[in-house]
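Engineer: Before anything else, here's the structure in question.
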2 protein chains.
Amino acid sequence: MSADTRTKLLAGALATLTGQGIAKASARSIAAAAGVNQALVFYHFGSVDELLSAACRYGAEQRVAVYRERLGAVRSLGELLDLGREMHTAERASGNVAVLAQLLAGAQTQPRLAPATAAGLALWTDEIETVLERVLADTPVAGFLDVAGLARAVASAFVGLELYEGVDPEGAGRALDALDQLSALVNVLDELGPVAQRAVRARLRRSARRPPVRDRP
Amino acid sequence: MSADTRTKLLAGALATLTGQGIAKASARSIAAAAGVNQALVFYHFGSVDELLSAACRYGAEQRVAVYRERLGAVRSLGELLDLGREMHTAERASGNVAVLAQLLAGAQTQPRLAPATAAGLALWTDEIETVLERVLADTPVAGFLDVAGLARAVASAFVGLELYEGVDPEGAGRALDALDQLSALVNVLDELGPVAQRAVRARLRRSARRPPVRDRP
DNA sequence: GTCTATAATACGATAGAC
DNA sequence: GTCTATCGTATTATAGAC
């Protein structure tokens, strides 16, 4: 059965990326993980890069679907942060963020991997953006923050923390705790009372007129 | 001259990591980039992993030294953010953050790379921590934020953004702009007036009593 | 669709001449 | 310290039997 072998190869690619890393993700090791013949990689996908690209979409779609319902139920920043921590540990265990991290590293010097990696990450940023839009709607920052940009920053930081955790688990734990503390700051703003809120809003409007320094062309 | 060859190999390793990625960082390609014989990798460093580890320290020490003086002159959060953006583009061009990103990706599945990678990253987090400690000293968050943890989060996010920029430069630009906007929020807090500041401080003290949820053992 | 066999290339690592 | 030469292995990719 062709479809079955394709699926085995996709799952094998994901398992190899998490367990062996992009440097060892060869046609042979992937086929071994999938339990199929090495030549089938090229028959079904043409090249290792195309298999990795397909596996990226496959894995991201699977994992995002798992969380879509729960993300849709989030109503406050606090709830979002709790879910974020839970997702962090769950995805670290299942190895899906690790897949994205390995492909991102590979895509830096292998442009053929870039489109699929960007698409896989986009599945996550789109979900995050929807939730952030809803959760931040009633806060003073609504209208001033580029929520789509913030969602991309959050996803990037997620990947960076995952990589950092691999070499310094204790430091990564401290980093996550610090981000929790930082988010408490936003919560504080949200419960500050109308007078102070107006002051914040006015101050934000003023600083919004002088846009931040850019260093891109 | 032995020292000269060693240095050539270290520089060659860094150039190969940025230009070819961890997947192609072999003794042969590194030696080619360094302009020396392939066998010298093993004579001077014993193995490719040990050369990569040494190169990580070498590169991080070099780049951190470049910024130490300027980081020491930073007195406000705004100045720090401007310098941060400048460092982001400069390091992206010089390829040093890319080296850390590639080694972090490799270290996930090659534990021999982990200690040196963690040490290289620690050089950056230590610097960031010192500056953050000074800059945040007069803000309401002083005493509530774990600055060391925050420094690690910042460094991780830096790496994550670098990787993301490689597959979606426009999205990465939006993410950086959103972080600028977010930091404006902290600036606002800092210039809020004594009454509101006291309210923030009190509210932070309350939320500090109920520490954030942890998901680590 | 799946297998074996194979070609051409690249790899880590070492032995030994200089 | 540096070089050449080399062993054994792993790689991508294809040709052809079944």
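We label chains A, B, ... in the order they appear in the structure tokens, count residues from 1 in each chain, and number ligands from 1 in the order shown.
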Please list as a compact mmCIF listing (two decimals) with C-alpha atoms, in the first residue's frame every residue within 8 Å of range 173-185 of chain A, counting only C-alpha atoms (C1' of nucleotides) and excluding residues in the same chain fewer than 3 positions away.

Structural biologist:
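Below is the file selection-v2.txt, written as the result:
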# COMPACT_ATOMS: atom_id res chain seq x y z
CA LEU A 81 0.00 31.43 29.99
CA GLU A 165 16.43 23.80 27.39
CA PRO A 169 17.39 22.78 31.54
CA GLU A 170 17.71 24.68 34.81
CA VAL A 188 -1.53 44.22 36.80
CA LEU A 189 -2.07 46.85 34.14
CA PHE B 144 10.05 41.13 41.77
CA LEU B 145 11.66 40.04 38.56
CA ASP B 146 14.29 37.32 38.48
CA VAL B 147 16.71 39.28 36.33
CA ALA B 148 18.98 36.30 35.69
CA GLY B 149 16.00 34.35 34.39
CA LEU B 150 14.91 37.27 32.26
CA ALA B 151 18.39 37.52 30.75
CA ARG B 152 18.21 33.86 29.75
CA ALA B 153 14.79 34.39 28.22
CA LEU B 204 2.94 43.13 42.03
CA SER B 207 0.75 38.52 42.79
CA PRO B 212 3.37 31.15 38.96
CA ARG B 214 5.52 25.43 37.49
CA ARG B 216 9.17 21.26 36.11

Engineer: Select residues of chain B: the criterion is any atom within 12 Å of an atom of chain C, counting only C-alpha atoms (C1' of nucleotides); output as an NGL selection string.

Structural biologist: :B and (24-29 or 38-43 or 46-49)

Engineer: Find the residues in chain D near chain B: any atom within 12 Å counts, using only C-alpha atoms (C1' of nucleotides). Write them as an mmCIF file with all heavy atoms, in the first residue's frame.

Structural biologist:
data_model
loop_
_atom_site.group_PDB
_atom_site.id
_atom_site.type_symbol
_atom_site.label_atom_id
_atom_site.label_comp_id
_atom_site.auth_asym_id
_atom_site.auth_seq_id
_atom_site.Cartn_x
_atom_site.Cartn_y
_atom_site.Cartn_z
ATOM 1 P P DG D 1 52.971 22.194 18.207
ATOM 2 O OP1 DG D 1 52.881 23.334 18.917
ATOM 3 O OP2 DG D 1 52.737 20.858 18.541
ATOM 4 O "O5'" DG D 1 53.175 22.397 16.672
ATOM 5 C "C5'" DG D 1 53.723 21.324 15.916
ATOM 6 C "C4'" DG D 1 53.714 21.812 14.493
ATOM 7 O "O4'" DG D 1 54.509 20.934 13.676
ATOM 8 C "C3'" DG D 1 52.335 21.810 13.852
ATOM 9 O "O3'" DG D 1 52.336 22.781 12.809
ATOM 10 C "C2'" DG D 1 52.224 20.391 13.311
ATOM 11 C "C1'" DG D 1 53.648 20.090 12.917
ATOM 12 N N9 DG D 1 54.072 18.694 13.188
ATOM 13 C C8 DG D 1 53.871 17.943 14.313
ATOM 14 N N7 DG D 1 54.383 16.740 14.223
ATOM 15 C C5 DG D 1 54.946 16.697 12.955
ATOM 16 C C6 DG D 1 55.644 15.668 12.282
ATOM 17 O O6 DG D 1 55.907 14.539 12.695
ATOM 18 N N1 DG D 1 56.051 16.069 11.010
ATOM 19 C C2 DG D 1 55.822 17.310 10.476
ATOM 20 N N2 DG D 1 56.287 17.527 9.251
ATOM 21 N N3 DG D 1 55.172 18.285 11.094
ATOM 22 C C4 DG D 1 54.762 17.897 12.315
ATOM 23 P P DT D 2 51.043 23.073 11.953
ATOM 24 O OP1 DT D 2 51.118 24.492 11.510
ATOM 25 O OP2 DT D 2 49.907 22.614 12.753
ATOM 26 O "O5'" DT D 2 51.183 22.171 10.654
ATOM 27 C "C5'" DT D 2 52.241 22.422 9.749
ATOM 28 C "C4'" DT D 2 52.349 21.304 8.752
ATOM 29 O "O4'" DT D 2 52.745 20.073 9.407
ATOM 30 C "C3'" DT D 2 51.045 20.967 8.018
ATOM 31 O "O3'" DT D 2 51.131 21.411 6.673
ATOM 32 C "C2'" DT D 2 50.940 19.437 8.117
ATOM 33 C "C1'" DT D 2 52.318 19.024 8.584
ATOM 34 N N1 DT D 2 52.355 17.766 9.393
ATOM 35 C C2 DT D 2 53.017 16.683 8.896
ATOM 36 O O2 DT D 2 53.590 16.685 7.835
ATOM 37 N N3 DT D 2 52.995 15.566 9.705
ATOM 38 C C4 DT D 2 52.376 15.444 10.937
ATOM 39 O O4 DT D 2 52.410 14.393 11.564
ATOM 40 C C5 DT D 2 51.695 16.623 11.394
ATOM 41 C C7 DT D 2 50.986 16.600 12.710
ATOM 42 C C6 DT D 2 51.713 17.722 10.617
ATOM 43 P P DC D 3 49.915 21.203 5.692
ATOM 44 O OP1 DC D 3 49.984 22.242 4.650
ATOM 45 O OP2 DC D 3 48.702 21.066 6.518
ATOM 46 O "O5'" DC D 3 50.236 19.788 5.030
ATOM 47 C "C5'" DC D 3 51.216 19.718 3.995
ATOM 48 C "C4'" DC D 3 51.602 18.277 3.743
ATOM 49 O "O4'" DC D 3 51.829 17.624 5.007
ATOM 50 C "C3'" DC D 3 50.530 17.433 3.068
ATOM 51 O "O3'" DC D 3 50.650 17.527 1.658
ATOM 52 C "C2'" DC D 3 50.853 16.024 3.561
ATOM 53 C "C1'" DC D 3 51.651 16.234 4.838
ATOM 54 N N1 DC D 3 50.981 15.702 6.069
ATOM 55 C C2 DC D 3 51.255 14.405 6.496
ATOM 56 O O2 DC D 3 52.041 13.707 5.818
ATOM 57 N N3 DC D 3 50.665 13.923 7.610
ATOM 58 C C4 DC D 3 49.829 14.704 8.296
ATOM 59 N N4 DC D 3 49.268 14.193 9.399
ATOM 60 C C5 DC D 3 49.532 16.036 7.883
ATOM 61 C C6 DC D 3 50.119 16.487 6.779
ATOM 62 P P DT D 4 49.509 16.879 0.771
ATOM 63 O OP1 DT D 4 49.648 17.416 -0.591
ATOM 64 O OP2 DT D 4 48.235 17.026 1.495
ATOM 65 O "O5'" DT D 4 49.875 15.329 0.756
ATOM 66 C "C5'" DT D 4 51.189 14.911 0.381
ATOM 67 C "C4'" DT D 4 51.258 13.384 0.362
ATOM 68 O "O4'" DT D 4 51.119 12.878 1.712
ATOM 69 C "C3'" DT D 4 50.155 12.714 -0.464
ATOM 70 O "O3'" DT D 4 50.720 11.624 -1.197
ATOM 71 C "C2'" DT D 4 49.156 12.233 0.581
ATOM 72 C "C1'" DT D 4 50.048 11.943 1.775
ATOM 73 N N1 DT D 4 49.399 12.129 3.103
ATOM 74 C C2 DT D 4 49.427 11.105 4.021
ATOM 75 O O2 DT D 4 49.954 10.033 3.813
ATOM 76 N N3 DT D 4 48.800 11.391 5.217
ATOM 77 C C4 DT D 4 48.174 12.577 5.574
ATOM 78 O O4 DT D 4 47.647 12.710 6.673
ATOM 79 C C5 DT D 4 48.187 13.600 4.560
ATOM 80 C C7 DT D 4 47.533 14.922 4.839
ATOM 81 C C6 DT D 4 48.791 13.337 3.389
ATOM 82 P P DA D 5 49.825 10.834 -2.261
ATOM 83 O OP1 DA D 5 50.687 10.476 -3.389
ATOM 84 O OP2 DA D 5 48.579 11.605 -2.477
ATOM 85 O "O5'" DA D 5 49.432 9.511 -1.455
ATOM 86 C "C5'" DA D 5 50.362 8.954 -0.537
ATOM 87 C "C4'" DA D 5 49.696 7.800 0.193
ATOM 88 O "O4'" DA D 5 49.135 8.280 1.434
ATOM 89 C "C3'" DA D 5 48.542 7.143 -0.572
ATOM 90 O "O3'" DA D 5 48.698 5.729 -0.531
ATOM 91 C "C2'" DA D 5 47.290 7.626 0.140
ATOM 92 C "C1'" DA D 5 47.810 7.824 1.560
ATOM 93 N N9 DA D 5 47.072 8.848 2.324
ATOM 94 C C8 DA D 5 46.663 10.069 1.888
ATOM 95 N N7 DA D 5 46.020 10.781 2.796
ATOM 96 C C5 DA D 5 46.003 9.960 3.919
ATOM 97 C C6 DA D 5 45.480 10.122 5.210
ATOM 98 N N6 DA D 5 44.841 11.209 5.605
ATOM 99 N N1 DA D 5 45.654 9.100 6.081
ATOM 100 C C2 DA D 5 46.303 8.004 5.670
ATOM 101 N N3 DA D 5 46.844 7.732 4.481
ATOM 102 C C4 DA D 5 46.657 8.759 3.641
#

Engineer: How many Å lie between C1' of DT11 in chain D and CA of Cys56 in chain A, rounded to one decimal?

Structural biologist: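 Calculated distance between C1' of DT11 in chain D and CA of Cys56 in chain A is 22.5 Å.
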
Engineer: Excluding Lys8 in chain A and its own-chain neighbours fewer than 6 positions away, which residues fall within 9 Å of it when counting only C-alpha atoms (C1' of nucleotides)? Please give them as a short mmCIF file (atom, residue, chain, number, x, y, z; two decimals) with all heavy atoms, in the first residue's frame.

Structural biologist:
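Result went into out-v8.cif, see below:
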data_model
loop_
_atom_site.label_atom_id
_atom_site.label_comp_id
_atom_site.auth_asym_id
_atom_site.auth_seq_id
_atom_site.Cartn_x
_atom_site.Cartn_y
_atom_site.Cartn_z
N ALA A 31 14.49 5.82 6.76
CA ALA A 31 13.87 4.57 6.31
C ALA A 31 13.95 3.51 7.40
O ALA A 31 13.01 2.73 7.59
CB ALA A 31 14.55 4.08 5.03
N ALA A 33 13.99 4.07 10.64
CA ALA A 33 13.00 4.42 11.65
C ALA A 33 11.59 4.08 11.17
O ALA A 33 10.72 3.73 11.97
CB ALA A 33 13.10 5.92 11.99
N ALA A 34 11.37 4.19 9.86
CA ALA A 34 10.04 3.92 9.31
C ALA A 34 9.83 2.42 9.08
O ALA A 34 8.70 1.99 8.87
CB ALA A 34 9.85 4.69 8.01
N GLY A 35 10.91 1.66 9.09
CA GLY A 35 10.80 0.23 8.83
C GLY A 35 10.56 -0.12 7.38
O GLY A 35 9.94 -1.14 7.08
N VAL A 36 11.04 0.74 6.48
CA VAL A 36 10.85 0.46 5.05
C VAL A 36 12.19 0.57 4.33
O VAL A 36 13.20 0.97 4.93
CB VAL A 36 9.85 1.46 4.41
CG1 VAL A 36 8.52 1.44 5.14
CG2 VAL A 36 10.44 2.86 4.38
#

Engineer: Give me the residues of chain A that have any atom at most 6 Å from an atom of chain B; for each, the nearest atom pair and the distance in Å, rounded to one decimal. Use only C-alpha atoms, sort by chain and number, and format it as a Markdown table.

Structural biologist:
| residue | atom | partner | partner_atom | distance |
| --- | --- | --- | --- | --- |
| A:Gln20 | CA | B:Thr109 | CA | 5.6 |
| A:Gly21 | CA | B:Thr109 | CA | 5.8 |
| A:Ala23 | CA | B:Ala23 | CA | 3.9 |
| A:Gln102 | CA | B:Ala105 | CA | 5.9 |
| A:Leu104 | CA | B:Leu163 | CA | 5.9 |
| A:Ala105 | CA | B:Gln102 | CA | 5.9 |
| A:Gln108 | CA | B:Gly166 | CA | 5.3 |
| A:Thr109 | CA | B:Gln20 | CA | 5.6 |
| A:Ala114 | CA | B:Val167 | CA | 5.0 |
| A:Ala118 | CA | B:Val167 | CA | 5.6 |
| A:Asp146 | CA | B:Ala178 | CA | 5.7 |
| A:Gly149 | CA | B:Ala175 | CA | 4.1 |
| A:Leu150 | CA | B:Ala178 | CA | 5.1 |
| A:Arg152 | CA | B:Ala175 | CA | 5.4 |
| A:Ala153 | CA | B:Ala175 | CA | 4.6 |
| A:Ser156 | CA | B:Gly160 | CA | 4.6 |
| A:Ala157 | CA | B:Ala157 | CA | 4.2 |
| A:Val159 | CA | B:Gly160 | CA | 5.6 |
| A:Gly160 | CA | B:Gly160 | CA | 4.0 |
| A:Leu161 | CA | B:Ser156 | CA | 5.3 |
| A:Leu163 | CA | B:Leu104 | CA | 5.9 |
| A:Gly166 | CA | B:Gln108 | CA | 5.3 |
| A:Val167 | CA | B:Ala114 | CA | 5.0 |
| A:Arg174 | CA | B:Gly149 | CA | 4.6 |
| A:Ala175 | CA | B:Gly149 | CA | 4.2 |
| A:Ala178 | CA | B:Leu150 | CA | 5.2 |
| A:Ala196 | CA | B:Ala196 | CA | 5.8 |

Engineer: So how many Å separate CA of Thr7 in chain A and CA of Arg63 in chain A, to one decimal?

Structural biologist: 15.6 Å
